[in-house]
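Colleague: Got a file for you: work31.cif, mmCIF, C-alpha atoms and all ligand atoms.
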```
data_work
#
loop_
_atom_site.group_PDB
_atom_site.id
_atom_site.type_symbol
_atom_site.label_atom_id
_atom_site.label_comp_id
_atom_site.auth_asym_id
_atom_site.auth_seq_id
_atom_site.Cartn_x
_atom_site.Cartn_y
_atom_site.Cartn_z
ATOM 1 C CA MET A 27 23.913 -88.676 -20.690
ATOM 2 C CA ALA A 28 23.122 -90.376 -23.993
ATOM 3 C CA LYS A 29 19.425 -89.961 -23.249
ATOM 4 C CA GLU A 30 19.899 -86.269 -22.570
ATOM 5 C CA THR A 31 21.639 -85.791 -25.941
ATOM 6 C CA SER A 32 18.900 -87.537 -27.891
ATOM 7 C CA ARG A 33 16.262 -85.464 -26.134
ATOM 8 C CA THR A 34 18.115 -82.302 -27.153
ATOM 9 C CA THR A 35 18.382 -83.536 -30.752
ATOM 10 C CA ASP A 36 14.641 -84.275 -30.859
ATOM 11 C CA ARG A 37 13.913 -80.746 -29.852
ATOM 12 C CA LEU A 38 16.110 -79.168 -32.570
ATOM 13 C CA TYR A 39 15.591 -79.189 -36.302
ATOM 14 C CA ARG A 40 17.057 -77.467 -39.351
ATOM 15 C CA CYS A 41 15.194 -75.815 -42.182
ATOM 16 C CA ASP A 42 15.737 -73.608 -45.212
ATOM 17 C CA ALA A 43 13.404 -70.650 -45.045
ATOM 18 C CA ILE A 44 12.539 -67.274 -46.539
ATOM 19 C CA VAL A 45 11.319 -64.417 -44.322
ATOM 20 C CA LEU A 46 7.811 -63.328 -45.365
ATOM 21 C CA GLY A 47 7.037 -61.000 -42.512
ATOM 22 C CA ARG A 48 8.020 -59.950 -39.023
ATOM 23 C CA MET A 49 6.575 -58.288 -35.972
ATOM 24 C CA ASP A 50 8.234 -56.806 -32.895
ATOM 25 C CA LEU A 51 7.669 -58.632 -29.639
ATOM 26 C CA GLY A 52 8.583 -57.203 -26.238
ATOM 27 C CA GLU A 53 11.858 -55.287 -25.847
ATOM 28 C CA ALA A 54 14.121 -57.002 -28.350
ATOM 29 C CA ASP A 55 12.423 -60.097 -29.809
ATOM 30 C CA ARG A 56 10.742 -60.675 -33.147
ATOM 31 C CA ILE A 57 7.989 -62.954 -34.361
ATOM 32 C CA LEU A 58 8.769 -64.045 -37.911
ATOM 33 C CA THR A 59 6.546 -65.533 -40.559
ATOM 34 C CA LEU A 60 8.645 -67.862 -42.716
ATOM 35 C CA TYR A 61 8.063 -70.035 -45.736
ATOM 36 C CA SER A 62 10.285 -73.085 -45.379
ATOM 37 C CA ARG A 63 11.217 -75.853 -47.772
ATOM 38 C CA GLN A 64 10.624 -78.557 -45.165
ATOM 39 C CA HIS A 65 7.493 -77.385 -43.314
ATOM 40 C CA GLY A 66 5.741 -74.761 -45.446
ATOM 41 C CA LYS A 67 4.647 -71.593 -43.653
ATOM 42 C CA LEU A 68 5.827 -71.220 -40.045
ATOM 43 C CA ARG A 69 5.591 -68.606 -37.310
ATOM 44 C CA VAL A 70 8.627 -68.571 -35.051
ATOM 45 C CA ILE A 71 10.287 -66.398 -32.401
ATOM 46 C CA ALA A 72 13.770 -64.903 -32.786
ATOM 47 C CA LYS A 73 14.851 -63.846 -29.314
ATOM 48 C CA GLY A 74 16.982 -60.717 -29.061
ATOM 49 C CA ALA A 75 16.916 -60.261 -32.868
ATOM 50 C CA ARG A 76 16.451 -56.498 -32.516
ATOM 51 C CA ARG A 77 19.526 -56.002 -30.339
ATOM 52 C CA PRO A 78 22.325 -54.168 -32.203
ATOM 53 C CA LEU A 79 24.818 -57.010 -31.720
ATOM 54 C CA SER A 80 22.373 -59.870 -32.291
ATOM 55 C CA ARG A 81 23.922 -62.863 -34.073
ATOM 56 C CA LEU A 82 20.538 -63.769 -35.562
ATOM 57 C CA GLY A 83 19.197 -60.374 -36.681
ATOM 58 C CA PRO A 84 21.287 -59.874 -39.843
ATOM 59 C CA HIS A 85 20.225 -63.314 -41.170
ATOM 60 C CA LEU A 86 16.502 -62.661 -40.704
ATOM 61 C CA GLU A 87 15.837 -59.668 -42.952
ATOM 62 C CA TYR A 88 12.813 -59.420 -45.269
ATOM 63 C CA PHE A 89 13.071 -61.710 -48.332
ATOM 64 C CA SER A 90 16.309 -63.327 -47.060
ATOM 65 C CA ARG A 91 16.774 -67.004 -47.675
ATOM 66 C CA SER A 92 18.552 -68.556 -44.685
ATOM 67 C CA ARG A 93 19.451 -71.898 -43.147
ATOM 68 C CA LEU A 94 17.919 -71.978 -39.710
ATOM 69 C CA MET A 95 18.183 -74.099 -36.599
ATOM 70 C CA LEU A 96 14.925 -74.156 -34.654
ATOM 71 C CA ALA A 97 13.998 -75.505 -31.239
ATOM 72 C CA ARG A 98 10.477 -76.755 -30.634
ATOM 73 C CA GLY A 99 8.669 -74.441 -28.245
ATOM 74 C CA ARG A 100 5.411 -74.824 -26.377
ATOM 75 C CA ASP A 101 3.621 -72.297 -28.557
ATOM 76 C CA LEU A 102 5.953 -71.070 -31.281
ATOM 77 C CA ASP A 103 9.297 -72.640 -32.191
ATOM 78 C CA VAL A 104 12.419 -70.615 -31.415
ATOM 79 C CA VAL A 105 15.270 -69.699 -33.798
ATOM 80 C CA THR A 106 18.555 -70.829 -32.242
ATOM 81 C CA GLY A 107 20.834 -70.393 -35.261
ATOM 82 C CA ALA A 108 20.722 -68.671 -38.654
ATOM 83 C CA GLU A 109 22.984 -68.364 -41.666
ATOM 84 C CA THR A 110 22.153 -66.359 -44.797
ATOM 85 C CA GLU A 111 22.204 -68.272 -48.080
ATOM 86 C CA ASP A 112 20.907 -65.483 -50.307
ATOM 87 C CA ALA A 113 19.990 -62.079 -48.894
ATOM 88 C CA HIS A 114 18.432 -60.868 -52.194
ATOM 89 C CA LEU A 115 19.956 -57.520 -51.213
ATOM 90 C CA ALA A 116 19.330 -55.817 -54.543
ATOM 91 C CA ILE A 117 15.564 -56.004 -53.921
ATOM 92 C CA ARG A 118 15.912 -53.485 -51.104
ATOM 93 C CA ASP A 119 17.663 -50.948 -53.376
ATOM 94 C CA ASP A 120 15.047 -51.056 -56.129
ATOM 95 C CA LEU A 121 11.627 -49.613 -55.334
ATOM 96 C CA ASP A 122 9.860 -51.501 -58.143
ATOM 97 C CA ALA A 123 11.435 -54.846 -57.195
ATOM 98 C CA PHE A 124 10.687 -54.178 -53.513
ATOM 99 C CA GLY A 125 7.020 -53.434 -54.213
ATOM 100 C CA HIS A 126 6.601 -56.592 -56.287
ATOM 101 C CA ALA A 127 8.490 -58.756 -53.757
ATOM 102 C CA SER A 128 6.190 -57.421 -50.999
ATOM 103 C CA HIS A 129 3.166 -58.303 -53.138
ATOM 104 C CA ILE A 130 4.489 -61.838 -53.748
ATOM 105 C CA VAL A 131 5.068 -62.572 -50.057
ATOM 106 C CA GLU A 132 1.677 -61.114 -49.129
ATOM 107 C CA ILE A 133 -0.137 -63.380 -51.606
ATOM 108 C CA LEU A 134 1.795 -66.391 -50.369
ATOM 109 C CA THR A 135 1.047 -65.536 -46.733
ATOM 110 C CA ARG A 136 -2.663 -65.195 -47.453
ATOM 111 C CA LEU A 137 -3.066 -68.299 -49.629
ATOM 112 C CA THR A 138 -1.180 -70.878 -47.566
ATOM 113 C CA GLU A 139 -1.906 -72.605 -44.266
ATOM 114 C CA ASP A 140 0.707 -73.116 -41.538
ATOM 115 C CA ARG A 141 2.874 -76.242 -41.708
ATOM 116 C CA GLN A 142 1.706 -77.551 -45.067
ATOM 117 C CA GLU A 143 4.882 -78.597 -46.814
ATOM 118 C CA ASN A 144 5.106 -77.758 -50.531
ATOM 119 C CA VAL A 145 8.654 -77.846 -51.913
ATOM 120 C CA ALA A 146 7.539 -76.578 -55.344
ATOM 121 C CA VAL A 147 5.995 -73.466 -53.747
ATOM 122 C CA PHE A 148 9.240 -72.839 -51.828
ATOM 123 C CA GLU A 149 11.259 -73.143 -55.049
ATOM 124 C CA LEU A 150 8.849 -70.833 -56.898
ATOM 125 C CA LEU A 151 9.178 -68.188 -54.173
ATOM 126 C CA SER A 152 12.946 -68.547 -54.040
ATOM 127 C CA SER A 153 13.438 -68.305 -57.820
ATOM 128 C CA SER A 154 11.004 -65.368 -58.133
ATOM 129 C CA LEU A 155 12.857 -63.361 -55.466
ATOM 130 C CA ARG A 156 16.176 -64.223 -57.143
ATOM 131 C CA LEU A 157 14.843 -62.905 -60.495
ATOM 132 C CA LEU A 158 13.600 -59.692 -58.847
ATOM 133 C CA ALA A 159 17.022 -59.239 -57.213
ATOM 134 C CA ASP A 160 18.633 -59.751 -60.649
ATOM 135 C CA GLY A 161 16.556 -56.906 -62.082
ATOM 136 C CA VAL A 162 14.355 -59.032 -64.383
ATOM 137 C CA ASP A 163 11.111 -57.226 -65.369
ATOM 138 C CA ALA A 164 9.103 -57.337 -62.137
ATOM 139 C CA PHE A 165 5.749 -57.320 -63.941
ATOM 140 C CA HIS A 166 6.442 -60.584 -65.811
ATOM 141 C CA VAL A 167 8.091 -62.243 -62.776
ATOM 142 C CA THR A 168 5.094 -61.404 -60.596
ATOM 143 C CA ARG A 169 2.398 -62.542 -63.070
ATOM 144 C CA HIS A 170 4.347 -65.794 -63.480
ATOM 145 C CA PHE A 171 4.508 -66.215 -59.702
ATOM 146 C CA GLU A 172 0.752 -65.617 -59.374
ATOM 147 C CA LEU A 173 -0.327 -68.082 -62.043
ATOM 148 C CA ALA A 174 2.222 -70.739 -61.003
ATOM 149 C CA LEU A 175 1.162 -70.422 -57.350
ATOM 150 C CA LEU A 176 -2.514 -70.807 -58.278
ATOM 151 C CA VAL A 177 -1.652 -73.989 -60.205
ATOM 152 C CA LEU A 178 0.524 -75.419 -57.396
ATOM 153 C CA LEU A 179 -2.203 -74.800 -54.806
ATOM 154 C CA GLY A 180 -4.868 -76.458 -56.963
ATOM 155 C CA TYR A 181 -6.621 -73.340 -58.331
ATOM 156 C CA ARG A 182 -5.549 -73.489 -61.991
ATOM 157 C CA PRO A 183 -7.879 -71.113 -63.875
ATOM 158 C CA GLU A 184 -9.644 -72.516 -66.961
ATOM 159 C CA LEU A 185 -8.183 -70.526 -69.878
ATOM 160 C CA TYR A 186 -9.121 -72.636 -72.898
ATOM 161 C CA HIS A 187 -12.770 -73.706 -72.563
ATOM 162 C CA CYS A 188 -15.931 -72.223 -71.090
ATOM 163 C CA ILE A 189 -15.838 -73.094 -67.382
ATOM 164 C CA ASP A 190 -19.582 -73.746 -67.439
ATOM 165 C CA CYS A 191 -20.520 -75.587 -70.687
ATOM 166 C CA ARG A 192 -16.939 -76.613 -71.743
ATOM 167 C CA ALA A 193 -17.334 -75.101 -75.262
ATOM 168 C CA ASP A 194 -14.112 -73.969 -76.986
ATOM 169 C CA LEU A 195 -13.541 -70.232 -76.652
ATOM 170 C CA PRO A 196 -13.261 -68.423 -80.017
ATOM 171 C CA PRO A 197 -10.719 -65.544 -80.163
ATOM 172 C CA ALA A 198 -12.848 -62.694 -78.770
ATOM 173 C CA PRO A 199 -13.138 -60.825 -75.476
ATOM 174 C CA HIS A 200 -14.615 -63.143 -72.830
ATOM 175 C CA GLN A 201 -15.909 -62.806 -69.321
ATOM 176 C CA PHE A 202 -13.637 -64.117 -66.552
ATOM 177 C CA ALA A 203 -15.594 -65.245 -63.490
ATOM 178 C CA SER A 204 -13.434 -65.357 -60.341
ATOM 179 C CA THR A 205 -16.177 -67.211 -58.480
ATOM 180 C CA LEU A 206 -15.962 -70.079 -61.018
ATOM 181 C CA GLY A 207 -12.234 -69.823 -61.771
ATOM 182 C CA GLY A 208 -12.383 -69.400 -65.538
ATOM 183 C CA PHE A 209 -13.757 -67.824 -68.708
ATOM 184 C CA LEU A 210 -17.388 -68.020 -69.790
ATOM 185 C CA CYS A 211 -18.551 -68.301 -73.405
ATOM 186 C CA ASP A 212 -21.090 -65.823 -74.811
ATOM 187 C CA CYS A 213 -24.009 -68.176 -74.044
ATOM 188 C CA CYS A 214 -23.040 -68.629 -70.375
ATOM 189 C CA ARG A 215 -21.778 -65.095 -69.603
ATOM 190 C CA GLY A 216 -23.589 -62.601 -67.438
ATOM 191 C CA ARG A 217 -24.552 -64.880 -64.588
ATOM 192 C CA GLU A 218 -21.649 -64.214 -62.272
ATOM 193 C CA PRO A 219 -21.370 -61.091 -60.115
ATOM 194 C CA GLY A 220 -17.934 -59.479 -59.852
ATOM 195 C CA SER A 221 -16.665 -60.898 -63.133
ATOM 196 C CA ARG A 222 -14.835 -58.890 -65.798
ATOM 197 C CA ILE A 223 -14.465 -58.850 -69.588
ATOM 198 C CA VAL A 224 -10.912 -59.766 -70.597
ATOM 199 C CA SER A 225 -9.371 -58.748 -73.951
ATOM 200 C CA VAL A 226 -7.997 -61.166 -76.544
ATOM 201 C CA ASP A 227 -4.420 -59.950 -75.866
ATOM 202 C CA ALA A 228 -4.744 -60.562 -72.134
ATOM 203 C CA GLN A 229 -6.121 -64.062 -72.794
ATOM 204 C CA LYS A 230 -3.172 -64.754 -75.134
ATOM 205 C CA TYR A 231 -0.694 -63.629 -72.458
ATOM 206 C CA LEU A 232 -2.274 -65.871 -69.815
ATOM 207 C CA ARG A 233 -2.244 -68.885 -72.145
ATOM 208 C CA ALA A 234 1.405 -68.251 -73.111
ATOM 209 C CA LEU A 235 2.284 -68.074 -69.403
ATOM 210 C CA ASP A 236 0.327 -71.246 -68.705
ATOM 211 C CA ARG A 237 1.886 -73.214 -71.567
ATOM 212 C CA GLY A 238 5.444 -71.877 -71.623
ATOM 213 C CA GLY A 239 6.086 -70.283 -68.223
ATOM 214 C CA LEU A 240 8.134 -67.142 -67.745
ATOM 215 C CA SER A 241 10.386 -67.843 -70.750
ATOM 216 C CA ALA A 242 7.305 -67.517 -73.007
ATOM 217 C CA THR A 243 6.379 -64.049 -71.747
ATOM 218 C CA ILE A 244 9.584 -62.383 -70.559
ATOM 219 C CA ARG A 245 10.429 -60.916 -73.980
ATOM 220 C CA LEU A 246 6.916 -59.672 -74.751
ATOM 221 C CA SER A 247 6.788 -55.916 -74.778
ATOM 222 C CA ILE A 248 3.350 -54.957 -73.542
ATOM 223 C CA GLY A 249 1.776 -51.586 -72.858
ATOM 224 C CA ASN A 250 0.479 -50.177 -69.604
ATOM 225 C CA SER A 251 -3.206 -50.833 -70.239
ATOM 226 C CA LEU A 252 -2.566 -54.545 -70.904
ATOM 227 C CA ARG A 253 -0.340 -54.703 -67.809
ATOM 228 C CA GLU A 254 -3.132 -53.205 -65.711
ATOM 229 C CA GLU A 255 -5.697 -55.569 -67.206
ATOM 230 C CA LEU A 256 -3.597 -58.665 -66.432
ATOM 231 C CA GLU A 257 -2.767 -57.464 -62.943
ATOM 232 C CA GLY A 258 -6.469 -56.772 -62.309
ATOM 233 C CA THR A 259 -7.696 -60.098 -63.667
ATOM 234 C CA LEU A 260 -5.252 -62.283 -61.724
ATOM 235 C CA GLY A 261 -5.585 -60.008 -58.678
ATOM 236 C CA ALA A 262 -9.387 -60.364 -58.585
ATOM 237 C CA TYR A 263 -9.124 -64.167 -58.795
ATOM 238 C CA LEU A 264 -6.435 -64.303 -56.074
ATOM 239 C CA ARG A 265 -8.512 -62.037 -53.815
ATOM 240 C CA HIS A 266 -11.582 -64.164 -54.347
ATOM 241 C CA ILE A 267 -9.709 -67.339 -53.332
ATOM 242 C CA ALA A 268 -8.072 -65.700 -50.308
ATOM 243 C CA GLU A 269 -11.407 -64.318 -49.069
ATOM 244 C CA ARG A 270 -13.371 -67.488 -49.737
ATOM 245 C CA ASP A 271 -10.810 -69.668 -47.973
ATOM 246 C CA LEU A 272 -10.527 -67.306 -45.037
ATOM 247 C CA GLY A 273 -14.332 -67.314 -44.928
ATOM 248 C CA SER A 274 -14.519 -71.115 -44.857
ATOM 249 C CA LEU A 275 -11.859 -71.232 -42.130
ATOM 250 C CA ARG A 276 -13.918 -68.760 -40.079
ATOM 251 C CA ILE A 277 -17.092 -70.847 -40.559
ATOM 252 C CA TRP A 278 -15.219 -74.003 -39.581
ATOM 253 C CA ARG A 279 -13.954 -72.310 -36.407
ATOM 254 C CA GLU A 280 -17.438 -71.101 -35.533
ATOM 255 C CA LEU A 281 -18.834 -74.608 -36.022
ATOM 256 C CA ARG A 282 -16.045 -76.125 -33.947
ATOM 257 C CA ASP A 283 -16.401 -73.560 -31.154
ATOM 258 C CA GLY A 284 -20.186 -73.858 -31.328
ATOM 259 C CA SER A 285 -20.086 -77.647 -30.903
ATOM 260 C CA ALA A 286 -17.511 -77.299 -28.091
ATOM 261 C CA GLU A 287 -19.960 -74.932 -26.402
ATOM 262 C CA ARG A 288 -22.822 -77.436 -26.736
ATOM 263 C CA SER A 289 -20.865 -80.468 -25.532
ATOM 264 C CA ARG A 290 -20.035 -78.747 -22.239
HETATM 265 ZN ZN ZN B 1 -20.463 -71.785 -71.927
#
```
Kindly return the structure encoded in the file as structure tokens.
Modeller:
Amino acid sequence: MAKETSRTTDRLYRCDAIVLGRMDLGEADRILTLYSRQHGKLRVIAKGARRPLSRLGPHLEYFSRSRLMLARGRDLDVVTGAETEDAHLAIRDDLDAFGHASHIVEILTRLTEDRQENVAVFELLSSSLRLLADGVDAFHVTRHFELALLVLLGYRPELYHCIDCRADLPPAPHQFASTLGGFLCDCCRGREPGSRIVSVDAQKYLRALDRGGLSATIRLSIGNSLREELEGTLGAYLRHIAERDLGSLRIWRELRDGSAERSR
């Protein structure tokens, strides 16, 4: 009997998680993509979550932060219990907040690997969704999320020196090269395809965000063209990283499958 209990306990574990995405499975089940404090990104099954009287369903909505009980499964782990900690309900009533929250979870889904624990990333996601639910300017919250995520995942862009020759950057428009992850001085510019010229104001905003976080930028009133420029610059860099990493994962899989083929 004691043995049986310990086996059951081994199979079950708790985690705090935020719902990033979900997909219908069969008649009434759902596959959820979660970002958890304890295990990073996870894909799990919630059985019967689409039934009208499901106990689990209401705790597994988009952007909800919940305490979950999971049971290890052969393929995907299974949700056996769920309790909402913060539903971030206001996000669903505000189109702008909803759009930005969707963007945040998409970036996180694309830039992280399954089961790589990173508590700081979980906290960043949680606090960003909380700010969006509180109605804080979604533009500033989202740019802060993007830059902070890049830093936490080891992709901090070089904002102060030329990424190539390390020279100080004088206050002038400079080229940002996503492929290199930073600005280029006038001597080094022009070599990188897909790079863009970034204005002095946009550079100042990025440095303020880097040095002082959201509190340094939240009160800045900035016009639409600067907003678009910042969104475009960070977006191009994020896309480059997501595509490059997905590319390297694909190459790794091909190599692995190729060598498996040969060793047969
Ligand atoms: Zn240079």
Colleague: Taking all atoms listed in the file into account, report as a VMD selection string which residues have an atom no farther than 10 Å from an atom of ligand ZN 1 (chain B).
Modeller: chain A and resid 187 to 195 209 to 215
Colleague: So which one's closest to Ala228 (chain A), A:Ser90, A:Asn250, A:Gln142, A:Thr59? Using all atoms listed in the file, please.
Modeller: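 Closest to Ala228 (chain A), using all atoms listed in the file: A:Asn250.
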Colleague: What's the 6 Å shell around Arg141 (chain A), counting only C-alpha atoms, without same-chain residues fewer than 6 positions away, as a PyMOL selection string?
Modeller: chain A and resi 65-67
Colleague: So that I can check the surroundings of region 91-93 of chain A, please list as a list in words every protein, DNA and RNA residue that reaches within 10 Å of it, counting only C-alpha atoms and ignoring chain neighbours fewer than 5 positions away.
Modeller: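 Here the qualifying residues turn out to be Arg40, Cys41, Asp42, Ala43, Ile44, Val45, Leu46, Leu60, Tyr61, Ser62, His85, Leu86, Gly107, Ala108, Glu109, Thr110, Glu111, Asp112, Ala113, His114, Ser152, Leu155 and Arg156 of chain A.
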Colleague: My list of candidates is A:Arg63, A:Arg237, A:Arg69, A:Arg136. Which is closest to Val177 (chain A) when distances are computed with all atoms listed in the file?
Modeller: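 Distance minimum relative to Val177 (chain A) lands on A:Arg237.
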Colleague: Can you measure CA of Arg182 (chain A) to CA of Leu246 (chain A) for me? One decimal in Å is fine.
Modeller: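 It comes out at 22.6 Å.
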Colleague: Using only C-alpha atoms, which protein or nucleic acid residues come within 9 Å of Tyr39 (chain A)? Drop anything in the same chain fewer than 6 positions from it, and give the result as an MDAnalysis selection string.
Modeller: chainID A and resid 94:98
Colleague: For C-alpha atoms, I'd like the residues from the last selection saved as a compact mmCIF listing (two decimals), in the coordinates of the input.
Modeller:
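Wrote part.txt, looks like this:
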```txt
# COMPACT_ATOMS: atom_id res chain seq x y z
CA LEU A 94 17.92 -71.98 -39.71
CA MET A 95 18.18 -74.10 -36.60
CA LEU A 96 14.92 -74.16 -34.65
CA ALA A 97 14.00 -75.50 -31.24
CA ARG A 98 10.48 -76.76 -30.63
```
Colleague: Go through A:Gly99, A:Leu179, A:Tyr186, A:Phe165 and flag the residue nearest Val145 (chain A), using only C-alpha atoms for the distances.
Modeller: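 The closest residue to Val145 (chain A) is A:Leu179.
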Colleague: For the atom pair CA of Leu240 (chain A) and CA of Glu269 (chain A), what is the interatomic distance in Å to one decimal place?
Modeller: 27.2 Å
Colleague: Which residue, A:Leu260, A:Ala146, A:Ile244, A:Ala234, has the smallest gap to His166 (chain A) when you use only C-alpha atoms?
Modeller: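 Distance minimum relative to His166 (chain A) lands on A:Ile244.
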Colleague: Convert the output of the PyMOL selection byres (((chain A and resi 264) around 9) and not hetatm) on the shown file into explicit residues, formatted as a PyMOL selection string.
Modeller: chain A and resi 133+137+172+176+204+259-263+265-269
Colleague: From the set A:Arg253, A:Asp55, A:Gly83, A:Leu232, which residue has the shortest atom-to-atom contact distance to Ile71 (chain A), counting all atoms listed in the file?
Modeller: A:Asp55
Colleague: Using all atoms listed in the file, find the one residue out of A:Val224, A:Gly125, A:Pro219, A:Arg81 that sits nearest to Gln201 (chain A).
Modeller: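 When distances to Gln201 (chain A) are compared using all atoms listed in the file, the smallest one comes from A:Val224.
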Colleague: Apply the PyMOL selection byres (((chain A and resi 226) around 8) and not hetatm) to the displayed file and report the matching residues as a list of chain:residue names.
Modeller: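 With the shown file as input, the PyMOL selection byres (((chain A and resi 226) around 8) and not hetatm) matches A:Pro197, A:Ala198, A:Pro199, A:His200, A:Val224, A:Ser225, A:Asp227, A:Ala228, A:Gln229, A:Lys230.
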Colleague: One decimal, Å: what's the distance from CA of Gly52 (chain A) over to CA of Ala72 (chain A), could you say?
Modeller: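 Calculated distance between CA of Gly52 (chain A) and CA of Ala72 (chain A) is 11.4 Å.
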Colleague: Excluding Ala164 (chain A) and residues on its chain fewer than 5 positions from it, collect all residues at most 10 Å away from it, counting all atoms listed in the file, and give them as a list of chain:residue names.
Modeller: A:Asp122, A:Ala123, A:Phe124, A:Gly125, A:His126, A:Ala127, A:Ser154, A:Leu155, A:Leu157, A:Leu158, A:Ala159, A:Arg169, A:His170, A:Ile244
